[in-house]
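Undergrad: My structure is in final_18.csv, and what it holds is CSV, C-alpha atoms:
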chain,number,residue,atom,x,y,z
A,20,MET,CA,-34.7,-16.9,-8.3
A,21,SER,CA,-36.5,-20.0,-9.1
A,22,THR,CA,-34.0,-22.8,-9.9
A,23,ASN,CA,-30.5,-23.8,-9.2
A,24,ALA,CA,-29.8,-23.9,-12.9
A,25,GLU,CA,-30.9,-20.3,-13.3
A,26,LEU,CA,-28.8,-19.2,-10.3
A,27,ASP,CA,-25.8,-21.0,-11.9
A,28,GLU,CA,-26.5,-19.3,-15.1
A,29,LYS,CA,-26.5,-15.9,-13.5
A,30,ILE,CA,-23.3,-16.6,-11.6
A,31,THR,CA,-21.7,-17.7,-14.8
A,32,ASP,CA,-22.8,-14.5,-16.6
A,33,LEU,CA,-21.4,-12.4,-13.8
A,34,LEU,CA,-18.1,-14.1,-13.7
A,35,ALA,CA,-17.8,-13.9,-17.4
A,36,THR,CA,-18.6,-10.2,-17.4
A,37,VAL,CA,-16.4,-9.2,-14.4
A,38,PHE,CA,-13.4,-11.2,-15.6
A,39,ASP,CA,-14.1,-10.3,-19.3
A,40,ILE,CA,-13.8,-14.0,-20.4
A,41,ASP,CA,-15.8,-16.4,-22.5
A,42,LYS,CA,-18.7,-18.1,-20.6
A,43,ASP,CA,-17.5,-21.4,-21.9
A,44,LEU,CA,-14.4,-21.1,-19.7
A,45,ILE,CA,-16.6,-21.1,-16.6
A,46,THR,CA,-17.9,-24.2,-14.9
A,47,THR,CA,-19.4,-25.0,-11.5
A,48,THR,CA,-15.9,-26.1,-10.4
A,49,SER,CA,-14.3,-22.8,-11.4
A,50,ASN,CA,-12.2,-21.1,-8.7
A,51,VAL,CA,-9.4,-18.7,-8.0
A,52,ASP,CA,-6.9,-21.2,-9.2
A,53,SER,CA,-8.6,-22.2,-12.4
A,54,LEU,CA,-9.5,-18.7,-13.7
A,55,GLU,CA,-6.4,-16.7,-14.5
A,56,LYS,CA,-8.3,-13.3,-14.3
A,57,TRP,CA,-9.7,-14.0,-10.8
A,58,ASP,CA,-7.2,-11.7,-9.0
A,59,SER,CA,-7.7,-9.5,-6.0
A,60,ILE,CA,-8.9,-6.5,-8.0
A,61,ASN,CA,-11.4,-8.5,-10.0
A,62,HIS,CA,-12.5,-10.2,-6.8
A,63,MET,CA,-13.5,-6.8,-5.4
A,64,HIS,CA,-15.4,-6.1,-8.6
A,65,LEU,CA,-17.0,-9.5,-8.4
A,66,VAL,CA,-18.3,-9.0,-4.8
A,67,VAL,CA,-19.7,-5.6,-5.7
A,68,ALA,CA,-21.4,-7.1,-8.9
A,69,LEU,CA,-22.9,-10.0,-6.9
A,70,GLU,CA,-24.3,-7.6,-4.2
A,71,GLU,CA,-25.8,-5.4,-6.9
A,72,GLU,CA,-27.2,-8.2,-9.0
A,73,PHE,CA,-28.8,-10.0,-6.1
A,74,ASP,CA,-29.5,-7.0,-3.9
A,75,ILE,CA,-27.7,-8.5,-1.0
A,76,GLU,CA,-24.8,-7.7,1.3
A,77,PHE,CA,-22.0,-10.1,2.2
A,78,LYS,CA,-20.6,-10.1,5.7
A,79,ASP,CA,-16.9,-9.1,5.8
A,80,ASP,CA,-15.6,-12.7,6.2
A,81,GLU,CA,-18.0,-13.9,3.4
A,82,ALA,CA,-16.7,-11.3,1.0
A,83,VAL,CA,-13.1,-12.7,1.5
A,84,GLU,CA,-14.2,-16.3,1.3
A,85,LEU,CA,-16.0,-16.2,-2.1
A,86,ILE,CA,-13.2,-17.8,-4.0
A,87,SER,CA,-15.0,-20.5,-6.0
A,88,PHE,CA,-18.2,-20.9,-8.0
A,89,GLU,CA,-19.4,-23.4,-5.5
A,90,LEU,CA,-18.9,-21.1,-2.5
A,91,ILE,CA,-20.6,-18.2,-4.3
A,92,SER,CA,-23.5,-20.4,-5.2
A,93,SER,CA,-23.7,-21.7,-1.6
A,94,TYR,CA,-23.7,-18.2,0.0
A,95,LEU,CA,-26.2,-16.9,-2.5
A,96,LYS,CA,-28.6,-19.7,-1.9
A,97,GLU,CA,-28.4,-19.1,1.8
A,98,LYS,CA,-29.0,-15.4,1.4
A,99,ILE,CA,-31.7,-15.5,-1.2
A,100,LYS,CA,-33.6,-18.1,1.0
A,101,ARG,CA,-33.9,-15.6,3.9
B,20,MET,CA,19.4,-15.1,-8.5
B,21,ASP,CA,16.0,-16.5,-7.9
B,22,ILE,CA,13.7,-17.9,-5.2
B,23,THR,CA,16.3,-20.7,-4.5
B,24,SER,CA,18.5,-17.9,-3.0
B,25,GLN,CA,15.9,-17.5,-0.3
B,26,GLN,CA,16.0,-21.1,1.1
B,27,ASN,CA,15.3,-20.9,4.9
B,28,SER,CA,14.9,-17.1,4.8
B,29,ALA,CA,12.4,-15.3,7.0
B,30,PHE,CA,10.9,-13.7,3.8
B,31,LEU,CA,10.3,-17.1,2.2
B,32,GLU,CA,8.8,-18.5,5.4
B,33,ILE,CA,6.4,-15.6,5.7
B,34,VAL,CA,5.5,-15.9,2.0
B,35,ASN,CA,4.9,-19.7,2.4
B,36,ILE,CA,2.6,-19.1,5.3
B,37,ILE,CA,0.7,-16.4,3.3
B,38,GLN,CA,0.4,-18.7,0.3
B,39,ASN,CA,-0.8,-21.6,2.5
B,40,LYS,CA,-3.5,-19.5,4.0
B,41,SER,CA,-4.8,-17.6,1.0
B,42,PRO,CA,-5.3,-19.1,-2.5
B,43,MET,CA,-5.8,-15.6,-3.9
B,44,GLN,CA,-2.5,-14.5,-2.5
B,45,LYS,CA,-0.8,-17.7,-3.5
B,46,LYS,CA,-1.6,-17.0,-7.2
B,47,MET,CA,-0.5,-13.4,-7.0
B,48,ILE,CA,2.7,-14.1,-5.2
B,49,ALA,CA,3.6,-17.0,-7.5
B,50,GLY,CA,3.3,-14.5,-10.4
B,51,VAL,CA,5.5,-11.9,-8.7
B,52,LEU,CA,8.2,-14.3,-7.7
B,53,ALA,CA,8.4,-16.0,-11.1
B,54,ASN,CA,8.9,-12.6,-12.9
B,55,SER,CA,11.3,-11.0,-10.5
B,56,ASP,CA,14.8,-9.9,-11.5
B,57,ASN,CA,18.2,-9.9,-9.7
B,58,VAL,CA,17.6,-6.5,-8.3
B,59,PHE,CA,14.4,-7.7,-6.6
B,60,TRP,CA,16.1,-10.8,-5.1
B,61,THR,CA,19.1,-8.7,-3.9
B,62,ARG,CA,16.7,-6.3,-2.2
B,63,VAL,CA,14.7,-9.2,-0.7
B,64,THR,CA,17.9,-10.9,0.5
B,65,SER,CA,19.0,-7.8,2.3
B,66,PHE,CA,15.5,-7.1,3.7
B,67,SER,CA,15.1,-10.7,4.9
B,68,GLU,CA,18.5,-10.9,6.7
B,69,ASN,CA,17.8,-7.7,8.7
B,70,PHE,CA,14.1,-8.5,9.2
B,71,GLU,CA,14.9,-12.0,10.5
B,72,ARG,CA,17.3,-10.6,13.2
B,73,LEU,CA,14.6,-8.1,14.2
B,74,LEU,CA,11.9,-10.9,14.4
B,75,ASN,CA,14.2,-13.2,16.4
B,76,ASP,CA,15.4,-10.6,18.8
B,77,HIS,CA,11.8,-9.5,19.6
B,78,GLU,CA,10.4,-13.0,19.5
B,79,ILE,CA,8.0,-12.2,16.7
B,80,PRO,CA,7.0,-15.3,14.8
B,81,CYS,CA,6.9,-15.3,11.0
B,82,GLU,CA,3.3,-16.4,11.3
B,83,LYS,CA,2.4,-13.1,13.0
B,84,VAL,CA,3.9,-11.1,10.2
B,85,ALA,CA,2.0,-13.2,7.6
B,86,ASN,CA,-1.2,-12.6,9.5
B,87,CYS,CA,-0.5,-8.9,9.6
B,88,TYR,CA,-0.1,-9.0,5.8
B,89,LEU,CA,-3.3,-11.0,5.3
B,90,LYS,CA,-5.3,-8.7,7.6
B,91,LEU,CA,-4.0,-5.7,5.6
B,92,CYS,CA,-5.2,-7.4,2.4
B,93,LYS,CA,-8.6,-8.2,3.9
B,94,ASP,CA,-9.1,-4.7,5.3
B,95,MET,CA,-8.1,-3.2,2.0
B,96,LEU,CA,-10.6,-5.5,0.1
B,97,LEU,CA,-13.4,-4.5,2.4
B,98,GLU,CA,-12.6,-0.8,2.1
B,99,GLN,CA,-12.4,-1.2,-1.7
B,100,ILE,CA,-15.8,-2.8,-1.8
B,101,LYS,CA,-17.3,0.0,0.3
B,102,PHE,CA,-15.6,2.7,-1.8
B,103,ARG,CA,-16.9,1.2,-5.0
B,104,LYS,CA,-20.5,1.4,-3.6
B,105,THR,CA,-20.3,4.8,-2.0
B,106,GLY,CA,-17.5,6.7,-3.9
B,107,ARG,CA,-16.2,7.8,-0.5
B,108,TYR,CA,-13.5,6.7,1.9
B,109,GLY,CA,-14.8,5.0,5.1
B,110,SER,CA,-13.2,7.6,7.4
B,111,THR,CA,-13.5,11.3,7.2
B,112,THR,CA,-11.7,12.7,10.3
B,113,PHE,CA,-8.2,12.3,11.6
B,114,ALA,CA,-9.6,11.8,15.1
B,115,GLU,CA,-11.7,8.9,13.9
B,116,VAL,CA,-8.7,7.2,12.3
B,117,ALA,CA,-6.5,7.9,15.3
B,118,GLN,CA,-8.9,6.2,17.6
B,119,ARG,CA,-9.3,3.3,15.2
B,120,VAL,CA,-5.7,2.8,14.0
B,121,TYR,CA,-3.0,5.1,15.3
B,122,LEU,CA,-3.7,4.5,19.0
B,123,SER,CA,-4.0,0.8,18.6
B,124,GLU,CA,-0.8,-1.2,18.9
B,125,SER,CA,-2.3,-4.2,17.1
B,126,GLU,CA,-3.6,-2.1,14.2
B,127,MET,CA,-0.3,-0.3,13.8
B,128,GLU,CA,1.6,-3.5,13.9
B,129,THR,CA,-0.7,-4.9,11.1
B,130,MET,CA,0.0,-1.8,9.1
B,131,VAL,CA,3.7,-1.6,9.6
B,132,TYR,CA,4.6,-5.3,9.2
B,133,GLY,CA,1.9,-5.9,6.5
B,134,LEU,CA,3.2,-3.0,4.5
B,135,ALA,CA,6.8,-4.1,4.9
B,136,ILE,CA,5.9,-7.3,3.2
B,137,SER,CA,3.7,-5.6,0.5
B,138,GLN,CA,6.7,-3.4,-0.3
B,139,PHE,CA,8.0,-6.4,-2.1
B,140,LEU,CA,4.9,-8.4,-3.1
B,141,TRP,CA,2.7,-5.7,-4.5
B,142,ARG,CA,3.8,-4.5,-7.9
B,143,ASN,CA,3.0,-0.8,-7.4
B,144,HIS,CA,4.5,-0.7,-3.8
B,145,TYR,CA,7.7,-2.3,-5.1
B,146,ALA,CA,7.8,0.1,-8.1
B,147,LEU,CA,7.4,3.1,-5.8
B,148,PHE,CA,10.2,1.7,-3.5
B,149,ASN,CA,12.4,1.3,-6.6
B,150,TYR,CA,11.6,4.9,-7.7
B,151,PHE,CA,12.5,6.2,-4.2
B,152,ILE,CA,15.8,4.4,-4.2
B,153,ASP,CA,16.7,5.5,-7.7
B,154,THR,CA,15.7,9.1,-6.8
B,155,ILE,CA,17.8,9.4,-3.7
B,156,ASN,CA,20.8,7.8,-5.4
B,157,SER,CA,20.4,10.3,-8.2
B,158,LEU,CA,20.2,13.2,-5.6
B,159,LYS,CA,23.2,11.9,-3.8
B,160,ASN,CA,25.2,12.3,-7.0
B,161,ASN,CA,23.9,15.8,-7.7
B,162,LYS,CA,23.2,17.5,-4.4
B,163,ALA,CA,24.6,17.6,-0.9
B,164,VAL,CA,21.9,16.4,1.4
B,165,ILE,CA,23.1,17.7,4.8
B,166,LYS,CA,19.7,18.0,6.5
B,167,TYR,CA,17.0,15.4,6.0
B,168,LEU,CA,13.5,15.4,7.3
B,169,GLU,CA,11.0,12.5,7.0
B,170,ILE,CA,7.4,12.8,8.0
B,171,GLY,CA,5.5,9.6,9.0
B,172,PRO,CA,8.2,7.0,8.3
B,173,GLY,CA,5.8,4.1,8.7
B,174,HIS,CA,7.7,0.8,8.3
B,175,GLY,CA,10.9,2.8,8.1
B,176,LEU,CA,12.3,1.0,5.1
B,177,HIS,CA,12.6,4.2,3.1
B,178,LEU,CA,14.2,5.9,6.0
B,179,ALA,CA,16.8,3.1,6.3
B,180,GLU,CA,17.6,3.5,2.6
B,181,SER,CA,18.1,7.2,3.1
B,182,ALA,CA,20.3,6.7,6.1
B,183,LYS,CA,22.5,4.4,4.1
B,184,THR,CA,22.6,6.8,1.2
B,185,PHE,CA,23.2,10.1,2.9
B,186,LYS,CA,25.6,8.8,5.5
B,187,SER,CA,26.7,12.1,7.0
B,188,ALA,CA,23.4,13.9,6.9
B,189,HIS,CA,21.5,15.1,10.0
B,190,PHE,CA,18.2,13.1,10.2
B,191,ASP,CA,15.0,14.4,11.8
B,192,VAL,CA,12.0,12.1,11.8
B,193,VAL,CA,8.5,13.3,12.8
B,194,ASP,CA,5.5,11.1,13.4
B,195,ILE,CA,2.3,11.9,15.4
B,196,SER,CA,1.9,8.2,16.4
B,197,SER,CA,4.2,7.0,19.2
B,198,ILE,CA,3.5,3.4,18.3
B,199,SER,CA,4.5,4.0,14.7
B,200,LEU,CA,7.6,5.9,15.7
B,201,GLU,CA,8.7,3.0,18.0
B,202,LEU,CA,8.3,0.5,15.2
B,203,SER,CA,10.2,2.8,12.8
B,204,LYS,CA,13.0,3.1,15.4
B,205,ARG,CA,13.1,-0.7,15.6
B,206,ILE,CA,13.5,-1.0,11.9
B,207,ILE,CA,16.3,1.5,11.7
B,208,GLN,CA,18.2,-0.3,14.5
B,209,TYR,CA,18.3,-3.4,12.3
B,210,PHE,CA,18.3,-2.0,8.8
B,211,ALA,CA,20.6,1.0,9.2
B,212,PRO,CA,22.5,0.4,12.5
B,213,GLY,CA,24.8,3.1,13.7
B,214,HIS,CA,23.0,5.9,12.0
B,215,ASP,CA,22.1,8.8,14.2
B,216,VAL,CA,18.4,9.5,13.6
B,217,ASN,CA,16.5,12.0,15.7
B,218,PHE,CA,12.9,10.9,16.3
B,219,HIS,CA,10.2,13.4,17.3
B,220,GLN,CA,6.8,12.4,18.3
B,221,MET,CA,4.6,15.3,17.4
B,222,ASP,CA,2.5,17.0,14.7
B,223,ILE,CA,4.8,18.4,12.0
B,224,ARG,CA,3.1,21.8,12.4
B,225,GLU,CA,4.3,21.8,16.1
B,226,PHE,CA,7.8,20.7,15.2
B,227,ASN,CA,9.5,23.9,16.0
B,228,HIS,CA,12.8,23.4,14.4
B,229,SER,CA,14.8,26.2,12.7
B,230,ALA,CA,16.7,23.8,10.4
B,231,VAL,CA,16.2,24.3,6.6
B,232,TYR,CA,16.1,20.9,5.0
B,233,ASP,CA,17.8,19.8,1.8
B,234,LEU,CA,15.3,16.9,1.4
B,235,VAL,CA,11.9,16.3,3.0
B,236,VAL,CA,10.4,12.8,2.5
B,237,ILE,CA,6.7,12.2,3.0
B,238,ASN,CA,5.7,8.8,1.8
B,239,GLU,CA,2.0,7.6,2.0
B,240,VAL,CA,1.0,10.3,4.5
B,241,LEU,CA,-1.0,12.9,2.5
B,242,GLU,CA,-4.0,10.7,2.1
B,243,HIS,CA,-4.1,10.2,5.8
B,244,LEU,CA,-4.7,13.9,6.5
B,245,GLU,CA,-7.8,16.0,6.5
B,246,ASP,CA,-5.9,18.9,4.9
B,247,PRO,CA,-2.9,17.6,2.9
B,248,LEU,CA,-2.5,21.0,1.1
B,249,SER,CA,-1.8,22.6,4.5
B,250,MET,CA,0.8,19.9,5.1
B,251,LEU,CA,2.5,20.5,1.8
B,252,LYS,CA,2.6,24.2,2.5
B,253,THR,CA,4.2,23.5,5.8
B,254,ILE,CA,6.8,21.4,4.1
B,255,VAL,CA,7.6,24.1,1.5
B,256,GLU,CA,8.4,26.4,4.5
B,257,ARG,CA,10.9,23.8,5.8
B,258,ILE,CA,13.0,23.4,2.6
B,259,GLY,CA,15.6,25.7,1.3
B,260,ASP,CA,15.3,27.4,-2.1
B,261,GLU,CA,17.4,24.5,-3.5
B,262,GLY,CA,15.7,21.9,-1.4
B,263,TYR,CA,13.7,18.9,-2.6
B,264,VAL,CA,10.5,17.2,-1.5
B,265,PHE,CA,10.0,13.5,-2.2
B,266,LEU,CA,6.4,12.4,-1.8
B,267,THR,CA,4.2,9.4,-2.6
B,268,THR,CA,0.4,9.2,-2.3
B,269,CYS,CA,-2.5,7.6,-4.1
B,270,ALA,CA,-5.8,8.3,-5.8
B,271,ASN,CA,-8.9,6.2,-5.4
B,272,ALA,CA,-7.1,4.0,-2.9
B,273,PRO,CA,-9.4,3.2,0.1
B,274,SER,CA,-7.8,1.9,3.3
B,275,ILE,CA,-9.0,1.9,6.9
B,276,ASP,CA,-6.8,4.9,7.6
B,277,HIS,CA,-7.2,7.0,4.5
B,278,ILE,CA,-9.2,10.2,4.8
B,279,PHE,CA,-8.4,12.5,1.9
B,280,LEU,CA,-9.7,11.3,-1.4
B,281,TYR,CA,-7.7,12.3,-4.5
B,282,GLU,CA,-10.1,11.5,-7.3
B,283,SER,CA,-7.4,11.7,-10.0
B,284,VAL,CA,-3.7,12.0,-10.6
B,285,GLU,CA,-4.5,15.5,-11.9
B,286,ALA,CA,-5.9,16.4,-8.5
B,287,ILE,CA,-2.7,15.3,-6.8
B,288,GLN,CA,-0.6,17.3,-9.3
B,289,ALA,CA,-2.8,20.4,-8.9
B,290,GLN,CA,-2.4,20.3,-5.1
B,291,ILE,CA,1.4,20.0,-5.4
B,292,ARG,CA,1.4,23.1,-7.5
B,293,ASP,CA,-1.0,24.9,-5.2
B,294,ALA,CA,1.4,24.3,-2.3
B,295,GLY,CA,4.2,26.1,-4.2
B,296,LEU,CA,6.0,23.1,-5.5
B,297,ALA,CA,7.1,22.1,-9.0
B,298,ILE,CA,7.3,18.5,-10.1
B,299,GLU,CA,10.8,17.6,-11.3
B,300,SER,CA,10.0,13.9,-11.9
B,301,GLU,CA,7.1,11.6,-11.2
B,302,ILE,CA,5.9,8.1,-11.4
B,303,ILE,CA,2.2,7.2,-12.1
B,304,LEU,CA,1.1,3.6,-11.4
B,305,PRO,CA,-2.5,2.6,-12.1
B,306,VAL,CA,-3.4,-0.7,-10.5
B,307,GLU,CA,-5.6,-1.6,-13.5
B,308,ASP,CA,-3.1,-0.6,-16.1
B,309,PHE,CA,-5.1,-1.8,-19.0
B,310,ILE,CA,-7.8,0.9,-18.5
B,311,PRO,CA,-7.1,4.1,-20.6
B,312,ARG,CA,-6.0,7.1,-18.5
B,313,GLU,CA,-9.0,9.2,-19.6
B,314,GLU,CA,-11.2,6.7,-17.9
B,315,TRP,CA,-9.3,6.4,-14.6
B,316,LYS,CA,-11.4,9.0,-12.8
B,317,THR,CA,-14.8,7.8,-13.9
B,318,GLN,CA,-13.9,4.2,-13.3
B,319,LYS,CA,-12.3,5.1,-9.9
B,320,VAL,CA,-9.1,3.4,-10.9
B,321,GLU,CA,-6.6,3.1,-8.0
B,322,VAL,CA,-3.4,4.9,-8.8
B,323,ASN,CA,-0.1,5.0,-6.8
B,324,TYR,CA,1.8,8.2,-7.3
B,325,GLY,CA,5.3,9.4,-6.5
B,326,ALA,CA,7.1,12.7,-7.3
B,327,LEU,CA,10.3,14.6,-6.6
B,328,CYS,CA,9.5,18.3,-6.2
B,329,THR,CA,11.3,21.5,-5.8
B,330,LYS,CA,10.1,25.0,-4.8
B,331,SER,CA,8.3,26.8,-7.5
B,332,LEU,CA,10.0,29.9,-8.9
B,333,ALA,CA,7.0,32.1,-8.4
What does this structure look like when you write it as structure tokens?
TA:
Amino acid sequence: MSTNAELDEKITDLLATVFDIDKDLITTTSNVDSLEKWDSINHMHLVVALEEEFDIEFKDDEAVELISFELISSYLKEKIKR
Amino acid sequence: MDITSQQNSAFLEIVNIIQNKSPMQKKMIAGVLANSDNVFWTRVTSFSENFERLLNDHEIPCEKVANCYLKLCKDMLLEQIKFRKTGRYGSTTFAEVAQRVYLSESEMETMVYGLAISQFLWRNHYALFNYFIDTINSLKNNKAVIKYLEIGPGHGLHLAESAKTFKSAHFDVVDISSISLELSKRIIQYFAPGHDVNFHQMDIREFNHSAVYDLVVINEVLEHLEDPLSMLKTIVERIGDEGYVFLTTCANAPSIDHIFLYESVEAIQAQIRDAGLAIESEIILPVEDFIPREEWKTQKVEVNYGALCTKSLA
């Protein structure tokens, strides 16, 4: 992953795919409250999709805490850096 | 009747704590509460009054119950993630789960109190609870239930409903976990006081009782066993020719204490038939109800299932 913009783009694509919504609805401030389809089942699908896409594994607490675009981005940057 | 009927209730206090701690749950619960009918609120009111007395008498803070529920949600999410990746449940043997859950007071409390709350907050759990209440009320009008057996009563809310419905029946309750049984006893004391229920801590296969039961209830137990078919066959031996079995279970529903994976509703139905039972009525509740049924198995859609069964006329 080379730039933050590319990472944001990938996260946007994943959120749009998992939640089956238009990409235009997703911004870097999106979160559980702002996206109607971000429920517990879709959250599970999202965590699995993120792990597969970036070939990483979230710790138990992290998987529960990924409830906003910003947090996802932050955790991914941390993990990809390692 | 709506949420305003719950002012100052234990249920609302627990729900408020959950919502304050979890944005995900806050959204889900808001949706549930906004779309609930009078029956729901009547049931919640009754539950809350009894539960509040239990919590007060045992000095259990609402926050502890809320935390049990949140831990249950977290455990379930983590198991679901593992299941999606492996296609298997995390535990495979009863001994493993017993060590991890059934012999742990804190884990059992999490399960019992967490599931008592999910009974009202999770759409499918509430639908199964409704189906159970409707079914036993229908049975009451059509059949004399003199002898009642429940295996693994869990939070005891179904047992309490049965005790109130079949007032003069003889009740036997069997559970392998002493901790679970104590929690069930506690629930019965508050939710169906004055009913004489005989609790037996043992494996049902060792429950050497000559009684022939009119109704055997086994809710959310089969998926906790290594060999649920054997359990169902044991139950068939315990009901009379006119007896009934009420069961609930689930497919593709990982949890820290689930062992036996039913990969489809059809697998559950087939096992019921293999045990010598016929399905009289059933309820099938996919969690992702927008996915076509023919795709449930391949997409590993979680399904809650309930059925009223009789002996097959083989």
Undergrad: Could you please tell me, as a PyMOL selection string, which residues of chain A have an atom within 9 Å of chain B when using all atoms listed in the file?
TA: chain A and resi 51-52+55+57-60+62-64+66-67+79-80+82-83+86
Undergrad: For Ile298 (chain B), work out the shell of residues within 8 Å, counting only C-alpha atoms and skipping chain neighbours fewer than 6 positions away, then give it as a PyMOL selection string.
TA: chain B and resi 291-292+326-329
Undergrad: Can you tell me which residues surround Thr112 (chain B) at a distance of at most 10 Å, considering all atoms listed in the file, apart from same-chain residues fewer than 6 positions away, and format the answer as a list of chain:residue names?
TA: B:His243, B:Leu244, B:Glu245, B:Asp276, B:His277, B:Ile278, B:Phe279
Undergrad: Write out the residues from the selection above, keeping C-alpha atoms, as an mmCIF file, in the coordinates of the input.
TA:
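Once everything was written out, this is result_19.cif:
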data_model
loop_
_atom_site.group_PDB
_atom_site.id
_atom_site.type_symbol
_atom_site.label_atom_id
_atom_site.label_comp_id
_atom_site.auth_asym_id
_atom_site.auth_seq_id
_atom_site.Cartn_x
_atom_site.Cartn_y
_atom_site.Cartn_z
ATOM 1 C CA HIS B 243 -4.100 10.200 5.800
ATOM 2 C CA LEU B 244 -4.700 13.900 6.500
ATOM 3 C CA GLU B 245 -7.800 16.000 6.500
ATOM 4 C CA ASP B 276 -6.800 4.900 7.600
ATOM 5 C CA HIS B 277 -7.200 7.000 4.500
ATOM 6 C CA ILE B 278 -9.200 10.200 4.800
ATOM 7 C CA PHE B 279 -8.400 12.500 1.900
#
Undergrad: Kindly give the distance, in Å, that separates CA of Glu128 (chain B) and CA of Ser203 (chain B), rounded to a single decimal.
TA: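 One can read the CA of Glu128 (chain B) to CA of Ser203 (chain B) distance as 10.7 Å.
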Undergrad: What is the distance between CA of Leu54 (chain A) and CA of Phe38 (chain A), in Å to one decimal?
TA: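 Atom-to-atom, CA of Leu54 (chain A) and CA of Phe38 (chain A) are spaced 8.7 Å apart.
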Undergrad: By how many Å are CA of Leu140 (chain B) and CA of Leu52 (chain B) apart?
TA: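 So the answer is 8.2 Å.
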Undergrad: Name the residues within 12 Å of (6.9, -0.2, -8.9), counting only C-alpha atoms in the file's coordinates, and put them as an MDAnalysis selection string.
TA: chainID B and resid 51 55 59 137:153 267 302:306 322:325
Undergrad: Would you output that residue set with C-alpha atoms, as an mmCIF file, keeping the file's coordinate frame?
TA:
data_model
loop_
_atom_site.group_PDB
_atom_site.id
_atom_site.type_symbol
_atom_site.label_atom_id
_atom_site.label_comp_id
_atom_site.auth_asym_id
_atom_site.auth_seq_id
_atom_site.Cartn_x
_atom_site.Cartn_y
_atom_site.Cartn_z
ATOM 1 C CA VAL B 51 5.500 -11.900 -8.700
ATOM 2 C CA SER B 55 11.300 -11.000 -10.500
ATOM 3 C CA PHE B 59 14.400 -7.700 -6.600
ATOM 4 C CA SER B 137 3.700 -5.600 0.500
ATOM 5 C CA GLN B 138 6.700 -3.400 -0.300
ATOM 6 C CA PHE B 139 8.000 -6.400 -2.100
ATOM 7 C CA LEU B 140 4.900 -8.400 -3.100
ATOM 8 C CA TRP B 141 2.700 -5.700 -4.500
ATOM 9 C CA ARG B 142 3.800 -4.500 -7.900
ATOM 10 C CA ASN B 143 3.000 -0.800 -7.400
ATOM 11 C CA HIS B 144 4.500 -0.700 -3.800
ATOM 12 C CA TYR B 145 7.700 -2.300 -5.100
ATOM 13 C CA ALA B 146 7.800 0.100 -8.100
ATOM 14 C CA LEU B 147 7.400 3.100 -5.800
ATOM 15 C CA PHE B 148 10.200 1.700 -3.500
ATOM 16 C CA ASN B 149 12.400 1.300 -6.600
ATOM 17 C CA TYR B 150 11.600 4.900 -7.700
ATOM 18 C CA PHE B 151 12.500 6.200 -4.200
ATOM 19 C CA ILE B 152 15.800 4.400 -4.200
ATOM 20 C CA ASP B 153 16.700 5.500 -7.700
ATOM 21 C CA THR B 267 4.200 9.400 -2.600
ATOM 22 C CA ILE B 302 5.900 8.100 -11.400
ATOM 23 C CA ILE B 303 2.200 7.200 -12.100
ATOM 24 C CA LEU B 304 1.100 3.600 -11.400
ATOM 25 C CA PRO B 305 -2.500 2.600 -12.100
ATOM 26 C CA VAL B 306 -3.400 -0.700 -10.500
ATOM 27 C CA VAL B 322 -3.400 4.900 -8.800
ATOM 28 C CA ASN B 323 -0.100 5.000 -6.800
ATOM 29 C CA TYR B 324 1.800 8.200 -7.300
ATOM 30 C CA GLY B 325 5.300 9.400 -6.500
#
Undergrad: If you count only C-alpha atoms, which residues fall within 9 Å of region 287-289 of chain B, apart from same-chain ones fewer than 2 positions away, as a PDB file with C-alpha atoms, in the coordinates of the input?
TA:
ATOM      1  CA  THR B 268       0.400   9.200  -2.300  1.00  0.00           C
ATOM      2  CA  CYS B 269      -2.500   7.600  -4.100  1.00  0.00           C
ATOM      3  CA  ALA B 270      -5.800   8.300  -5.800  1.00  0.00           C
ATOM      4  CA  TYR B 281      -7.700  12.300  -4.500  1.00  0.00           C
ATOM      5  CA  GLU B 282     -10.100  11.500  -7.300  1.00  0.00           C
ATOM      6  CA  SER B 283      -7.400  11.700 -10.000  1.00  0.00           C
ATOM      7  CA  VAL B 284      -3.700  12.000 -10.600  1.00  0.00           C
ATOM      8  CA  GLU B 285      -4.500  15.500 -11.900  1.00  0.00           C
ATOM      9  CA  ILE B 291       1.400  20.000  -5.400  1.00  0.00           C
ATOM     10  CA  ARG B 292       1.400  23.100  -7.500  1.00  0.00           C
ATOM     11  CA  ASP B 293      -1.000  24.900  -5.200  1.00  0.00           C
ATOM     12  CA  ALA B 294       1.400  24.300  -2.300  1.00  0.00           C
ATOM     13  CA  ILE B 298       7.300  18.500 -10.100  1.00  0.00           C
ATOM     14  CA  TYR B 324       1.800   8.200  -7.300  1.00  0.00           C
TER      15      TYR B 324
END
Undergrad: Report as a list in words all protein, DNA and RNA residues lying within 10 Å of region 90-100 of chain A, evaluated on all atoms listed in the file, omitting residues in the same chain fewer than 5 positions from it.
TA: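 Within the cut-off, the hits are Met20, Asn23, Leu26, Asp27, Lys29, Ile30, Thr47, Thr48, Asn50, Val66, Leu69, Glu70, Phe73, Asp74, Ile75, Glu76, Phe77, Glu81, Ala82, Glu84 and Leu85 of chain A.
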Undergrad: Take the point (8.3, 23.8, 0.6) in the file's coordinates, draw a sphere of radius 9 Å around it, and report as a ChimeraX atom specification every protein, DNA or RNA residue with an atom inside or on it, counting all atoms listed in the file.
TA: /B:235,251-260,262-264,294-296,328-331
